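Q: Just dropping this structure here.
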Amino acid sequence: MSLHFYKYQGTGNDFIMIDNRSLSFKKTNTDLINKLCDRRFGIGADGLILLEPSELADFKMIYFNADGNEGSMCGNGGRCIVAFAKQLNIIKNETTFDAVDGLHYATIKEGIVSLKMINVKSIENSNSHSFLNTGSPHHISFSENIDKINVKELGAEIRYGAPYFNEGTNVNFAEKISDNSFKVRTYERGVEDETLACGTGVTAVAIAAHNTRLTNNNSINIKVLGGDLEVSFDKENDTYKNVFLKGPAMFVFEGYISI
Ligand SMILES: N[C@H](CCC[C@H](N)C(=O)O)C(=O)O
């Protein structure tokens, strides 16, 4: 059987996109998804995303990590599926879609997607790190010279260590550049390596930076290995609301692969 796929990337976080409105792609085939994401034996990607019909919204996003397991929310994948839905003529420049953590509003203009993320209320701060969930769980530590960190090694240690263990977490290393800009490197659970960008991760970093008073800005530029992202939010009482993740989402190529 031949599978028609599209390849997208958002600041270098790359995804295989499949138009599964027919529901013919089997979601339980972990080995197949893992193989399609493999950079030597397959197409190669950090994750695979299915676009399916939704009764609640314009479409539904189903996200799998490169290991083949269904993941929690993916911010860059969410931005990419908006560009994909536009390419498929399902939407124009504005949409609401259904994802694992609820409905998401988004707009697209000249390849730049602005995606509304879930509200965040619960943030754990300690001397060494912050932990919060922006659709996916994120451990964040702020330090200097993050260029020098071995993200794969240190990230894996934290991801598999206490208190996360098997369920794990994504791990972000962040550095303040100026009052409204930070640099971030992320170890992604489910990819089990550093990726070039992580959307829910940079969202978590921006909120953690504000919550720990590293910044007073509510619009923050974030530099990642694969480019630049922007996170903005409003804080009302203890809750971060109107959280938006903004940045490029690009179609790369399409093709067929026999499965
Ligand atoms: N790359 C994604 C994060 C995926 C989260 C995934 N690694 C998990 O924890 O299941 C993003 O842009 O937000």
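Chain labels follow the order of the structure tokens: the first chain is A, the next B, and so on; residue numbering restarts at 1 in every chain, and ligands are counted from 1 in their shown order.
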Let me have all residues with an atom within 7 Å of ligand 1, counting only C-alpha atoms and all ligand atoms, laid out as JSON, numbers by chain.
A: {"A": [13, 65, 71, 72, 73, 74, 75, 76, 77, 136, 137, 169, 170, 188, 189, 190, 191, 197, 198, 199, 200, 201]}
Q: Return as a Markdown table the residues of range 147-239 of chain A lying at most 10 Å from range 114-127 of chain A, together with the closest atom-to-atom pair for each and the distance in Å to one decimal, counting only C-alpha atoms, with rows in chain order and ascending residue number.
A:
```
| residue | atom | partner | partner_atom | distance |
| --- | --- | --- | --- | --- |
| A:Gly199 | CA | A:Met117 | CA | 9.8 |
| A:Thr200 | CA | A:Met117 | CA | 8.2 |
| A:Thr203 | CA | A:Met117 | CA | 8.4 |
| A:Ala204 | CA | A:Val120 | CA | 9.0 |
| A:Ile207 | CA | A:Val120 | CA | 8.4 |
| A:Ala208 | CA | A:Ile123 | CA | 7.6 |
| A:Asn211 | CA | A:Ile123 | CA | 8.1 |
| A:Thr212 | CA | A:Asn125 | CA | 7.5 |
| A:Leu229 | CA | A:Ser114 | CA | 10.0 |
| A:Glu230 | CA | A:Ser114 | CA | 9.0 |
| A:Val231 | CA | A:Ser114 | CA | 9.2 |
| A:Ser232 | CA | A:Lys116 | CA | 9.6 |
| A:Phe233 | CA | A:Asn119 | CA | 9.3 |
| A:Asp234 | CA | A:Asn119 | CA | 9.8 |
| A:Lys235 | CA | A:Val120 | CA | 9.5 |
| A:Glu236 | CA | A:Lys121 | CA | 9.8 |
| A:Asn237 | CA | A:Lys121 | CA | 9.4 |
| A:Asp238 | CA | A:Lys121 | CA | 6.1 |
| A:Thr239 | CA | A:Lys121 | CA | 4.5 |
```
Q: Just how far from CA of Thr134 in chain A is CA of Leu51 in chain A, in Å to one decimal?
A: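 These two atoms are separated by 21.3 Å.
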Q: Give me the residues within 9 Å of Asn216 in chain A as a VMD selection string, counting only C-alpha atoms and dropping any in the same chain fewer than 3 places off.
A: chain A and resid 179 to 180 209 to 211 213
Q: Atoms to include: N, CA and C atoms. Write the selected residues as a CSV table (one decimal), in the first residue's frame.
A:
```csv
chain,number,residue,atom,x,y,z
A,179,ASP,N,15.6,41.8,28.6
A,179,ASP,CA,14.4,41.7,29.4
A,179,ASP,C,13.3,41.0,28.6
A,180,ASN,N,13.2,41.1,27.3
A,180,ASN,CA,12.1,40.4,26.6
A,180,ASN,C,12.6,39.3,25.7
A,209,ALA,N,9.5,32.3,33.1
A,209,ALA,CA,10.4,33.5,33.3
A,209,ALA,C,9.5,34.6,33.9
A,210,HIS,N,8.3,34.8,33.4
A,210,HIS,CA,7.4,35.8,34.0
A,210,HIS,C,7.1,35.5,35.4
A,211,ASN,N,6.7,34.2,35.7
A,211,ASN,CA,6.3,33.8,37.0
A,211,ASN,C,7.4,33.9,38.1
A,213,ARG,N,9.7,36.2,37.9
A,213,ARG,CA,10.1,37.6,37.8
A,213,ARG,C,11.5,37.8,37.1
```
Q: Tell me, in Å to one decimal, how far CA of Thr11 in chain A is from CA of Pro248 in chain A.
A: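 These atoms are spaced 6.5 Å apart.
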Q: Show which residues sit within 12 Å of Ser178 in chain A, as a ChimeraX atom specification. Count only C-alpha atoms, and ignore same-chain residues fewer than 5 positions away.
A: /A:183,209,214-217,220-223
Q: Suppose we keep N, CA and C atoms; can you now write the selection as a tab-separated table (two decimals), in the first residue's frame?
A:
```tsv
chain	number	residue	atom	x	y	z
A	183	LYS	N	16.95	32.56	25.19
A	183	LYS	CA	17.43	31.52	24.28
A	183	LYS	C	17.04	30.18	24.93
A	209	ALA	N	9.51	32.31	33.10
A	209	ALA	CA	10.36	33.50	33.26
A	209	ALA	C	9.54	34.63	33.89
A	214	LEU	N	11.82	36.86	36.22
A	214	LEU	CA	13.01	37.09	35.40
A	214	LEU	C	12.71	38.15	34.35
A	215	THR	N	11.41	38.34	34.08
A	215	THR	CA	10.97	39.39	33.15
A	215	THR	C	9.61	39.91	33.59
A	216	ASN	N	9.34	41.17	33.21
A	216	ASN	CA	8.00	41.73	33.46
A	216	ASN	C	7.21	41.81	32.17
A	217	ASN	N	7.85	41.45	31.07
A	217	ASN	CA	7.18	41.55	29.76
A	217	ASN	C	6.15	40.46	29.58
A	220	ILE	N	7.31	37.88	24.65
A	220	ILE	CA	8.71	37.48	24.78
A	220	ILE	C	9.21	36.80	23.51
A	221	ASN	N	10.37	37.24	23.04
A	221	ASN	CA	10.99	36.62	21.86
A	221	ASN	C	11.90	35.49	22.33
A	222	ILE	N	11.78	34.37	21.63
A	222	ILE	CA	12.59	33.23	22.03
A	222	ILE	C	13.39	32.70	20.85
A	223	LYS	N	14.69	32.62	21.06
A	223	LYS	CA	15.60	32.10	20.04
A	223	LYS	C	15.81	30.62	20.31
```
Q: Residues of range 17-61 of chain A that have any atom at most 9 Å from an atom of range 78-102 of chain A: could you tabulate them with the shortest-distance atom pair and the distance in Å to one decimal, using only C-alpha atoms, ordered by chain and increasing number, as a Markdown table?
A:
```
| residue | atom | partner | partner_atom | distance |
| --- | --- | --- | --- | --- |
| A:Met17 | CA | A:Ile81 | CA | 7.5 |
| A:Asp19 | CA | A:Leu88 | CA | 8.5 |
| A:Ile49 | CA | A:Ile81 | CA | 7.8 |
| A:Leu50 | CA | A:Ile81 | CA | 8.7 |
| A:Leu51 | CA | A:Ile81 | CA | 7.4 |
| A:Ser54 | CA | A:Asp98 | CA | 7.0 |
| A:Leu56 | CA | A:Asp98 | CA | 7.1 |
| A:Ala57 | CA | A:Phe97 | CA | 5.0 |
| A:Asp58 | CA | A:Phe97 | CA | 5.4 |
| A:Phe59 | CA | A:Phe97 | CA | 5.2 |
| A:Lys60 | CA | A:Asp98 | CA | 4.6 |
| A:Met61 | CA | A:Ala99 | CA | 5.1 |
```
Q: Considering only C-alpha atoms, can you say which of A:Val224, A:Met250, A:Ala206, A:Ile33 comes closest to His138 in chain A?
A: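 For His138 in chain A, the nearest of the given residues is A:Ala206.
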